[in-house]
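Novice: Data: protein-v2.txt, compact mmCIF, C-alpha atoms.
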```
# COMPACT_ATOMS: atom_id res chain seq x y z
CA MET H 1 -35.41 94.54 27.28
CA ALA H 2 -36.84 92.92 24.14
CA PHE H 3 -34.54 90.50 22.34
CA GLN H 4 -32.35 92.22 19.76
CA LYS H 5 -30.25 90.23 17.32
CA ILE H 6 -27.32 92.62 17.33
CA THR H 7 -25.07 89.93 15.87
CA GLU H 8 -27.04 90.26 12.61
CA SER H 9 -27.01 94.07 12.52
CA ASP H 10 -25.37 95.84 9.58
CA SER H 11 -21.64 96.42 9.85
CA LEU H 12 -20.55 99.90 10.87
CA TYR H 13 -18.29 99.87 7.81
CA ASN H 14 -19.52 100.29 4.24
CA ASP H 15 -17.97 99.33 0.90
CA LEU H 16 -15.51 96.81 2.35
CA ASP H 17 -14.79 95.58 -1.17
CA LYS H 18 -13.43 99.02 -2.05
CA MET H 19 -11.19 99.45 1.00
CA SER H 20 -7.42 99.04 1.00
CA ILE H 21 -5.76 96.15 2.82
CA LEU H 22 -4.52 98.54 5.51
CA ASP H 23 -7.96 100.07 6.02
CA LEU H 24 -9.52 96.63 6.30
CA LEU H 25 -6.97 95.52 8.88
CA ASP H 26 -7.32 98.75 10.85
CA GLY H 27 -11.09 98.37 10.87
CA ILE H 28 -11.00 94.78 12.08
CA ASN H 29 -8.51 95.69 14.80
CA ARG H 30 -10.63 98.64 15.89
CA GLU H 31 -13.63 96.37 16.29
CA ASP H 32 -11.62 93.68 18.11
CA GLN H 33 -10.66 96.21 20.78
CA LYS H 34 -14.31 96.35 21.83
CA VAL H 35 -14.35 92.69 22.84
CA ALA H 36 -12.39 92.84 26.10
CA ILE H 37 -14.43 95.84 27.23
CA ALA H 38 -17.68 93.94 26.66
CA ILE H 39 -16.37 90.93 28.57
CA LYS H 40 -15.24 93.01 31.56
CA GLN H 41 -18.87 93.87 32.27
CA GLU H 42 -19.67 90.14 32.51
CA ILE H 43 -16.98 89.24 35.06
CA PRO H 44 -19.38 89.07 38.05
CA LYS H 45 -21.45 86.46 36.19
CA ILE H 46 -18.34 84.55 35.14
CA GLU H 47 -17.15 84.60 38.75
CA LYS H 48 -20.44 83.13 39.96
CA LEU H 49 -20.27 80.42 37.29
CA VAL H 50 -16.67 79.43 38.06
CA ALA H 51 -17.46 79.20 41.77
CA GLY H 52 -20.30 76.80 40.94
CA ILE H 53 -18.14 74.73 38.61
CA VAL H 54 -15.29 74.43 41.11
CA GLU H 55 -17.65 73.41 43.91
CA ARG H 56 -19.10 70.65 41.75
CA MET H 57 -15.81 69.45 40.23
CA LYS H 58 -14.32 69.04 43.70
CA THR H 59 -16.94 66.34 44.27
CA GLY H 60 -16.35 64.63 40.94
CA GLY H 61 -18.59 66.78 38.74
CA ARG H 62 -17.89 67.49 35.10
CA LEU H 63 -18.11 70.52 32.82
CA PHE H 64 -19.95 70.21 29.51
CA TYR H 65 -19.80 72.72 26.67
CA ILE H 66 -22.50 72.43 24.03
CA GLY H 67 -22.87 74.45 20.84
CA ALA H 68 -23.15 74.44 17.06
CA GLY H 69 -20.94 75.76 14.28
CA THR H 70 -18.18 78.12 15.39
CA SER H 71 -19.53 78.19 18.93
CA GLY H 72 -19.49 74.40 19.16
CA ARG H 73 -15.96 74.24 17.74
CA LEU H 74 -14.74 76.72 20.34
CA GLY H 75 -16.20 74.61 23.12
CA VAL H 76 -14.61 71.43 21.78
CA LEU H 77 -11.29 73.28 21.40
CA ASP H 78 -11.31 74.51 24.99
CA ALA H 79 -12.21 71.08 26.32
CA SER H 80 -9.52 69.38 24.24
CA GLU H 81 -6.81 71.63 25.67
CA ILE H 82 -7.49 70.79 29.31
CA PRO H 83 -5.77 67.37 29.46
CA PRO H 84 -2.45 68.42 27.88
CA THR H 85 -2.31 71.77 29.69
CA TYR H 86 -3.48 70.75 33.14
CA GLY H 87 -3.18 66.97 33.20
CA MET H 88 -6.89 66.42 33.83
CA PRO H 89 -8.44 63.29 32.30
CA ASP H 90 -10.52 64.04 29.21
CA THR H 91 -13.63 62.89 31.06
CA PHE H 92 -13.86 66.05 33.18
CA VAL H 93 -14.31 68.79 30.56
CA ILE H 94 -16.30 67.64 27.55
CA GLY H 95 -17.25 69.55 24.40
CA LEU H 96 -20.30 68.59 22.33
CA ILE H 97 -21.04 70.02 18.89
CA ALA H 98 -24.20 69.66 16.83
CA GLY H 99 -23.49 67.14 14.08
CA GLY H 100 -20.69 65.39 15.97
CA GLU H 101 -17.03 65.19 14.99
CA LYS H 102 -17.79 65.67 11.29
CA ALA H 103 -19.07 69.15 12.14
CA LEU H 104 -15.64 70.18 13.45
CA ARG H 105 -14.45 70.56 9.86
CA ASN H 106 -17.58 70.59 7.73
CA PRO H 107 -21.07 72.01 8.18
CA VAL H 108 -23.73 69.40 8.98
CA GLU H 109 -27.03 70.53 7.53
CA ALA H 110 -29.80 71.26 10.03
CA ALA H 111 -27.95 69.59 12.93
CA GLU H 112 -28.36 72.68 15.08
CA ASP H 113 -32.13 72.85 14.48
CA ASP H 114 -32.93 69.70 16.48
CA MET H 115 -34.31 70.80 19.87
CA GLU H 116 -34.03 67.30 21.38
CA LYS H 117 -30.62 66.14 20.16
CA GLY H 118 -28.48 68.15 22.59
CA TRP H 119 -30.11 66.68 25.67
CA GLN H 120 -29.97 63.18 24.15
CA GLU H 121 -26.22 63.55 23.70
CA LEU H 122 -25.75 64.87 27.24
CA SER H 123 -27.82 62.00 28.61
CA ALA H 124 -25.43 59.52 27.02
CA PHE H 125 -22.87 60.72 29.58
CA HIS H 126 -25.27 60.00 32.48
CA ILE H 127 -25.24 63.69 33.32
CA ASN H 128 -26.30 64.55 36.88
CA GLN H 129 -26.58 67.36 39.43
CA ASN H 130 -22.82 67.33 40.10
CA ASP H 131 -22.23 68.51 36.54
CA THR H 132 -22.38 71.89 34.81
CA VAL H 133 -23.63 72.62 31.28
CA ILE H 134 -22.58 75.74 29.37
CA GLY H 135 -24.49 76.46 26.17
CA ILE H 136 -22.59 78.50 23.59
CA ALA H 137 -24.36 80.34 20.76
CA ALA H 138 -23.38 83.74 19.40
CA SER H 139 -26.92 84.47 18.26
CA GLY H 140 -28.48 82.93 21.35
CA THR H 141 -31.14 81.23 19.22
CA THR H 142 -29.71 77.78 18.42
CA PRO H 143 -32.41 75.11 19.09
CA TYR H 144 -29.82 72.37 19.77
CA VAL H 145 -28.45 74.46 22.64
CA ILE H 146 -31.78 75.83 23.88
CA GLY H 147 -33.25 72.33 24.24
CA ALA H 148 -30.19 71.01 26.06
CA LEU H 149 -30.13 73.88 28.55
CA ARG H 150 -33.86 73.65 29.19
CA LYS H 151 -33.70 69.95 30.00
CA ALA H 152 -30.53 70.28 32.05
CA ARG H 153 -32.05 72.99 34.19
CA GLN H 154 -35.21 70.96 34.68
CA HIS H 155 -33.00 68.18 36.05
CA GLY H 156 -31.39 70.50 38.62
CA ILE H 157 -28.08 70.83 36.77
CA LEU H 158 -26.17 74.13 36.92
CA THR H 159 -26.57 75.81 33.53
CA ALA H 160 -24.95 78.82 31.91
CA SER H 161 -25.02 80.42 28.49
CA ILE H 162 -22.55 82.44 26.46
CA SER H 163 -24.15 84.58 23.76
CA CYS H 164 -23.51 87.96 22.17
CA ASN H 165 -27.07 89.26 22.03
CA PRO H 166 -28.83 90.67 25.11
CA ASP H 167 -31.75 88.72 26.58
CA SER H 168 -31.50 85.92 24.04
CA PRO H 169 -33.56 82.70 24.06
CA ILE H 170 -30.63 80.65 25.43
CA ALA H 171 -30.16 83.21 28.21
CA MET H 172 -33.75 82.60 29.24
CA GLU H 173 -32.95 78.90 29.71
CA ALA H 174 -29.74 79.37 31.71
CA GLU H 175 -29.27 80.00 35.41
CA ILE H 176 -26.27 82.22 34.61
CA ALA H 177 -26.42 84.17 31.34
CA ILE H 178 -23.09 85.58 30.17
CA GLU H 179 -23.70 88.16 27.44
CA PRO H 180 -20.68 90.05 26.08
CA VAL H 181 -22.47 92.28 23.56
CA VAL H 182 -19.71 93.19 21.12
CA GLY H 183 -21.89 94.94 18.53
CA PRO H 184 -22.24 94.40 14.78
CA GLU H 185 -19.55 92.35 13.07
CA PHE H 186 -17.05 93.94 10.67
CA VAL H 187 -18.53 91.72 7.95
CA THR H 188 -22.26 91.76 8.62
CA GLY H 189 -23.36 88.61 10.47
CA SER H 190 -19.91 86.95 10.46
CA THR H 191 -20.01 85.86 14.08
CA ARG H 192 -16.78 83.90 13.83
CA MET H 193 -15.14 87.32 14.22
CA LYS H 194 -15.85 89.48 17.31
CA SER H 195 -18.49 87.16 18.73
CA GLY H 196 -16.23 84.14 18.31
CA THR H 197 -13.33 86.04 19.88
CA ALA H 198 -15.53 86.98 22.83
CA GLN H 199 -16.65 83.38 23.32
CA LYS H 200 -13.06 82.11 23.15
CA MET H 201 -11.93 84.67 25.72
CA VAL H 202 -14.76 83.81 28.11
CA LEU H 203 -14.05 80.08 27.76
CA ASN H 204 -10.36 80.75 28.48
CA MET H 205 -11.35 82.64 31.62
CA ILE H 206 -13.71 79.91 32.81
CA SER H 207 -11.44 76.91 32.24
CA THR H 208 -8.18 78.57 33.32
CA THR H 209 -9.61 79.96 36.55
CA THR H 210 -11.30 76.65 37.30
CA MET H 211 -8.08 74.68 36.82
CA ILE H 212 -6.12 77.08 39.02
CA GLN H 213 -8.78 76.82 41.73
CA LEU H 214 -8.55 73.03 41.51
CA GLY H 215 -4.82 73.15 42.21
CA ARG H 216 -3.59 72.35 38.72
CA VAL H 217 -1.18 75.33 38.77
CA LYS H 218 1.63 76.15 41.22
CA GLY H 219 2.66 79.79 41.36
CA ASN H 220 2.17 80.63 37.70
CA LYS H 221 3.36 77.32 36.28
CA MET H 222 1.49 74.44 34.58
CA ILE H 223 2.91 71.75 36.84
CA ASN H 224 0.46 69.08 35.64
CA MET H 225 1.01 69.50 31.90
CA GLN H 226 1.44 66.35 29.85
CA LEU H 227 4.98 65.74 28.56
CA THR H 228 3.99 65.22 24.94
CA ASN H 229 6.97 66.82 23.19
CA GLU H 230 10.51 68.08 23.76
CA LYS H 231 9.38 71.68 24.26
CA LEU H 232 7.19 70.68 27.18
CA ILE H 233 9.84 68.39 28.65
CA ASP H 234 12.28 71.29 28.52
CA ARG H 235 9.74 73.61 30.13
CA GLY H 236 9.08 71.09 32.89
CA ALA H 237 12.76 70.52 33.54
CA ARG H 238 13.29 74.25 33.97
CA MET H 239 10.42 74.43 36.45
CA ILE H 240 12.04 71.70 38.53
CA MET H 241 15.45 73.41 38.28
CA LYS H 242 13.97 76.56 39.78
CA GLU H 243 11.89 74.85 42.48
CA LEU H 244 14.54 72.35 43.67
CA SER H 245 17.73 74.31 42.85
CA VAL H 246 19.24 71.47 40.82
CA ASP H 247 21.01 71.53 37.48
CA TYR H 248 19.21 70.98 34.18
CA ASP H 249 20.28 67.35 33.63
CA ARG H 250 19.19 66.34 37.13
CA ALA H 251 15.89 68.18 36.73
CA LYS H 252 15.16 66.48 33.42
CA LYS H 253 15.94 63.03 34.84
CA LEU H 254 13.60 63.68 37.77
CA LEU H 255 10.86 64.89 35.44
CA LEU H 256 11.06 61.81 33.24
CA LEU H 257 11.26 59.54 36.28
CA TYR H 258 8.13 60.89 37.97
CA GLY H 259 6.19 61.79 34.82
CA SER H 260 5.15 65.33 35.74
CA VAL H 261 6.48 68.42 37.45
CA LYS H 262 3.93 68.08 40.25
CA LYS H 263 4.79 64.46 41.01
CA ALA H 264 8.50 65.27 41.05
CA LEU H 265 8.01 68.22 43.39
CA ASP H 266 5.67 66.29 45.66
CA ALA H 267 8.22 63.48 45.96
CA LEU H 268 11.24 65.65 46.61
CA SER H 269 10.07 68.90 48.21
```
Write out the structure in this file as structure tokens.
Specialist:
Amino acid sequence: MAFQKITESDSLYNDLDKMSILDLLDGINREDQKVAIAIKQEIPKIEKLVAGIVERMKTGGRLFYIGAGTSGRLGVLDASEIPPTYGMPDTFVIGLIAGGEKALRNPVEAAEDDMEKGWQELSAFHINQNDTVIGIAASGTTPYVIGALRKARQHGILTASISCNPDSPIAMEAEIAIEPVVGPEFVTGSTRMKSGTAQKMVLNMISTTTMIQLGRVKGNKMINMQLTNEKLIDRGARMIMKELSVDYDRAKKLLLLYGSVKKALDALS
């Protein structure tokens, strides 16, 4: 199939500026319902990718997300949530965005057009064959991501891409190409909408399944979460109450003593 930039296709809705608030909301919601369906078709590829990530992380490998604009921000967001949610050090899942930290809040002109920069930034982490690189680009045409994936694959590193156009340039550079094709955006070309939602959902699937496979969850509970606020301390105490059949005050004391639900359970189970 020839490359089609569906993400830039005209919206299926005309005269948005003349629509009522309710009609606008209904239209956006109608389009959003297409996202999960598109992702379902990609599950076999996501499964293959997660299996590869888990195999490598069990031997000390790391997971790198790399992207620009909204796609880069989503990768950084997913990576940043791993330590507090699963207690993993922030050196295991790393998000890189074209233009660096400034680009998280403000556009950095032409940062995504540099074909060499992505690989240079990955190389600063001494990336190796134990690692995995996932390139994220809704359009599938971002040079920063294409260059990074190309070099990573040449160095024998497991590579994957997440894009919302079929047979895109970044897909050609990746060993595993995940392509939830969600169709034209409600506002023509606004890929922070359905495409961004699709990317966020796929990243959730990848990181959550990986962490569960690595033993960071017990039953359905986040037993390795960091105790960074009272809500999480309360949640952890209630986990210990249930697992050890102790009262709340005892559970909370044990949690604070050992520093995590997992450590408390390991010590006392």
Novice: What is the CA of Ala79 (chain H)-CA of Phe186 (chain H) distance in Å, reported with one decimal?
Specialist: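 So the two atoms, CA of Ala79 (chain H) and CA of Phe186 (chain H), lie 28.1 Å apart.
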Novice: Have a look at CA of Gly100 (chain H) and CA of Gly60 (chain H) and let me know their distance in Å, one decimal.
Specialist: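 Pair CA of Gly100 (chain H) / CA of Gly60 (chain H) returns 25.4 Å.
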Novice: For each of H:Leu214, H:Ile46, H:Val246, H:Ile39, take the minimum atom-to-atom distance to Glu175 (chain H), counting all atoms listed in the file, then give the residue where this is smallest.
Specialist: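 Checking each of H:Leu214, H:Ile46, H:Val246, H:Ile39 against Glu175 (chain H), counting all atoms listed in the file, the winner is H:Ile46.
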Novice: List the neighbours of Ala98 (chain H) out to 7 Å using only C-alpha atoms; skip same-chain residues closer than 4 positions along the sequence, and give me the result as a ChimeraX atom specification.
Specialist: /H:67-68,103,111-112,144
Novice: What is the distance, in Å and to one decimal place, between CA of Leu149 (chain H) and CA of Ile53 (chain H)?
Specialist: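 Atom-to-atom, CA of Leu149 (chain H) and CA of Ile53 (chain H) are spaced 15.7 Å apart.
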Novice: Rank nothing, just name the residue among H:Lys102, H:Lys151, H:Arg73, H:Arg238 nearest to Lys253 (chain H), using only C-alpha atoms.
Specialist: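 Smallest separation from Lys253 (chain H) among the options: H:Arg238.
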Novice: For region 24-26 of chain H, please output as number ranges by chain all residues within 12 Å (counting only C-alpha atoms; exclusion window: fewer than 4 positions along the same chain).
Specialist: H: 13-20, 30-33, 186-187
Novice: Give the answer as one residue: which of H:Glu116, H:Glu230, H:Glu101, H:Asp23 has the shortest atom-to-atom distance to Ala148 (chain H), using only C-alpha atoms?
Specialist: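 Looking only at the distances to Ala148 (chain H), the closest residue turns out to be H:Glu116.
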Novice: For each of H:Thr209, H:Thr7, H:Asn224, H:Asn128, take the minimum atom-to-atom distance to Pro83 (chain H), counting all atoms listed in the file, then give the residue where this is smallest.
Specialist: H:Asn224
Novice: Excluding same-chain residues fewer than 5 positions from Met222 (chain H), what lies within 12 Å of it counting only C-alpha atoms, as a list in words?
Specialist: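 Result of the neighbour search: Ile82, Pro83, Pro84, Thr85, Tyr86, Gly87, Met88, Thr208, Met211, Ile212, Gly215, Arg216, Val217, Leu227, Leu232, Ile233, Arg235, Gly236, Ala237, Arg238, Met239, Ile240, Ser260, Val261 and Lys262 of chain H.
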Novice: Ranking H:Leu268, H:Leu158, H:Cys164, H:Ile127 by minimum distance to Thr191 (chain H) and counting all atoms listed in the file, which one comes first?
Specialist: H:Cys164
Novice: Nearest to Ile66 (chain H): which of H:Ile21, H:Ile37, H:Leu203, H:Ile28 is it, counting all atoms listed in the file?
Specialist: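 Closest to Ile66 (chain H) of all the choices is H:Leu203.
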Novice: Counting only C-alpha atoms, note down every residue that has an atom within 9 Å of the point (-31.7, 78.0, 22.9) (file coordinates), as a VMD selection string.
Specialist: chain H and resid 115 135 137 140 to 150 168 to 173
Novice: Extract, using all atoms listed in the file, all DNA, RNA and protein residues at most 9 Å from Arg192 (chain H), discarding same-chain residues fewer than 5 positions from it, and format them as a list in words.
Specialist: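 The contact residues come out as Thr70, Ser71, Ala138, Glu185 and Thr197 of chain H.
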